[in-house]
Amino acid sequence: MKKLIINSDDYGRTPEISRGIREVHLRGMLSSTTCMMNIPTTVDDIAIALKETPDLGMGVHLVLTMGKPLSKPEAVPSIVDAEGNHLKYNPFLENVPNLNMDEVKAEWHLQIERFIKAAGRKPTHLDSHHHSSYWSPALFRGMLELAKEYDCPIRFPFTEHVTSELEETAKHMPALIKEFNPRHPDRFVASFYDDGATQDEILRIINETPEGTTEIMCHPGYVDEAFAKESVYNFQRERELKILTDPEIKQAIEANNVQLITFADI
């Protein structure tokens, strides 16, 4: 059977992005999202989702590269900058060899526990902002340990083109998967992004969906002026939203006998 998880990253990034994600789900083309728990407004966005979109799968988008940690900065010095914020993408990547994994896992624990308190249930799965939990074998091991502790699946971004950030972890991935045996989709698709986020591309992916479980990563949402100034991936989100709510997408899913599921169904 062909099973498809259409998962939006960044739930909670802003209330408007969260609103857009819920809209795509309600219109039938999105089954799952992952929540950024270090953002203060995400708890309120989860409360809205529980009422408006009770069937939306919700996982935790583990964050190490944006905003402030939930931990006190002095308790996690290896993951913050001089102002007590998470390191940005490139500084974090450069700092990976210096990370204290006890500090990383303590921060991730707090993010997961905040989700559980807000949602009243464990997350459907774990993934991470910028794929940062896959940037070293140690980070991936820490994520796998948490997935085992909370008994939830993970995103598995090793089935297509592996980016340079993931190359080292990919070498250790088979042994780690054998050790932890996490639940995960059979296939991960990241091509519906930026210039690749087109109607033709999403239709191609759906039409070529193989047997088994596939995850498509996406980033729909509404964008306000403040967010547009802050993030380089801004109005592309509204384009994704428009494409994912086109009736032709839902028709393609039905025509290909593809079943939309969440990570909880794995």
# chains A, B, ... in the order shown; residues from 1 in each chain; ligands from 1

$ closest_atom_pairs --of "region 65-133 of chain A" --to "region 46-53 of chain A" --cutoff "10 Å" --atoms "only C-alpha atoms" --output "Markdown table"
| residue | atom | partner | partner_atom | distance |
| --- | --- | --- | --- | --- |
| A:Phe115 | CA | A:Ile46 | CA | 8.4 |
| A:Ala118 | CA | A:Ile46 | CA | 6.8 |
| A:Ala119 | CA | A:Ile46 | CA | 6.5 |
| A:Gly120 | CA | A:Leu50 | CA | 9.7 |

$ select_by_dssp --residues "region 102-233 of chain A" --states "alpha helix (DSSP H)" --output "ChimeraX atom specification"
/A:102-119,137-150,167-180,199-207,225-230

$ closest_residue --among "A:Ile261, A:Leu93, A:Arg187, A:Val63" --to "Ser164 (chain A)" --atoms "only C-alpha atoms"
A:Leu93

$ residues_around --residues "region 9-15 of chain A" --least-positions-apart "3" --cutoff "8 Å" --atoms "only C-alpha atoms" --output "MDAnalysis selection string"
chainID A and resid 18:19 21 33:37 39 41:43 45:46 61 129 217:219 227

$ residues_around --residues "Asp55 (chain A)" --least-positions-apart "6" --cutoff "10 Å" --atoms "only C-alpha atoms" --output "short mmCIF file (atom, residue, chain, number, x, y, z; two decimals) with C-alpha atoms, in the first residue's frame"
data_model
loop_
_atom_site.label_atom_id
_atom_site.label_comp_id
_atom_site.auth_asym_id
_atom_site.auth_seq_id
_atom_site.Cartn_x
_atom_site.Cartn_y
_atom_site.Cartn_z
CA HIS A 25 -4.55 20.40 6.86
CA LEU A 26 -8.23 21.33 6.94
CA SER A 31 -1.39 15.27 7.59
CA SER A 32 1.38 16.18 10.01
CA ALA A 49 -4.69 23.02 16.82
CA ILE A 261 -1.23 9.07 7.34
CA THR A 262 0.71 10.52 10.28
#

$ residues_around --residues "Ala226 (chain A)" --least-positions-apart "4" --cutoff "12 Å" --atoms "only C-alpha atoms" --output "list in words"
Arg13, Thr14, Pro15, Glu16, Tyr222, Glu230, Ser231, Val232, Asn234 and Phe235 of chain A

$ write_last_selection --atoms "N, CA and C atoms" --output "compact mmCIF listing (two decimals), in the first residue's frame"
# COMPACT_ATOMS: atom_id res chain seq x y z
N ARG A 13 6.34 28.69 14.55
CA ARG A 13 7.38 29.67 14.21
C ARG A 13 6.84 31.09 14.34
N THR A 14 5.62 31.32 13.85
CA THR A 14 4.83 32.51 14.15
C THR A 14 3.38 32.07 14.17
N PRO A 15 2.48 32.80 14.82
CA PRO A 15 1.06 32.43 14.78
C PRO A 15 0.50 32.37 13.36
N GLU A 16 1.00 33.22 12.47
CA GLU A 16 0.51 33.22 11.09
C GLU A 16 0.98 31.98 10.33
N TYR A 222 1.34 31.52 6.38
CA TYR A 222 1.16 32.93 6.06
C TYR A 222 2.32 33.71 6.67
N GLU A 230 12.92 38.89 8.94
CA GLU A 230 13.78 38.06 9.79
C GLU A 230 14.31 36.84 9.07
N SER A 231 13.51 36.25 8.19
CA SER A 231 13.85 34.96 7.59
C SER A 231 13.98 35.08 6.08
N VAL A 232 14.96 34.39 5.51
CA VAL A 232 15.11 34.40 4.05
C VAL A 232 14.09 33.47 3.41
N ASN A 234 10.67 33.14 3.37
CA ASN A 234 9.49 33.84 3.85
C ASN A 234 8.29 33.66 2.92
N PHE A 235 8.21 34.46 1.86
CA PHE A 235 7.02 34.40 1.02
C PHE A 235 6.95 33.11 0.18

$ residues_around --residues "Phe263 (chain A)" --least-positions-apart "2" --cutoff "6 Å" --atoms "only C-alpha atoms" --output "list in words"
Thr124, Asp265 and Ile266 of chain A

$ decode --residues "region 136-148 of chain A" --atoms "N, CA and C atoms" --output "tab-separated table (two decimals), in the first residue's frame"
chain	number	residue	atom	x	y	z
A	136	SER	N	25.85	15.14	13.34
A	136	SER	CA	26.98	14.34	13.81
A	136	SER	C	26.42	13.02	14.33
A	137	PRO	N	27.23	11.97	14.35
A	137	PRO	CA	26.76	10.71	14.92
A	137	PRO	C	26.30	10.86	16.38
A	138	ALA	N	26.97	11.73	17.13
A	138	ALA	CA	26.58	11.93	18.53
A	138	ALA	C	25.21	12.58	18.64
A	139	LEU	N	24.95	13.58	17.80
A	139	LEU	CA	23.63	14.22	17.81
A	139	LEU	C	22.55	13.23	17.40
A	140	PHE	N	22.83	12.44	16.37
A	140	PHE	CA	21.84	11.47	15.93
A	140	PHE	C	21.58	10.42	17.01
A	141	ARG	N	22.63	9.99	17.68
A	141	ARG	CA	22.46	9.04	18.79
A	141	ARG	C	21.58	9.66	19.88
A	142	GLY	N	21.82	10.92	20.20
A	142	GLY	CA	21.01	11.58	21.22
A	142	GLY	C	19.54	11.62	20.83
A	143	MET	N	19.28	11.90	19.57
A	143	MET	CA	17.90	11.91	19.07
A	143	MET	C	17.28	10.51	19.15
A	144	LEU	N	18.05	9.49	18.76
A	144	LEU	CA	17.56	8.12	18.81
A	144	LEU	C	17.27	7.68	20.24
A	145	GLU	N	18.09	8.11	21.17
A	145	GLU	CA	17.85	7.79	22.58
A	145	GLU	C	16.54	8.39	23.06
A	146	LEU	N	16.26	9.62	22.64
A	146	LEU	CA	15.01	10.27	23.02
A	146	LEU	C	13.81	9.61	22.34
A	147	ALA	N	13.96	9.24	21.08
A	147	ALA	CA	12.88	8.56	20.38
A	147	ALA	C	12.54	7.24	21.06
A	148	LYS	N	13.56	6.55	21.54
A	148	LYS	CA	13.33	5.31	22.27
A	148	LYS	C	12.66	5.59	23.61
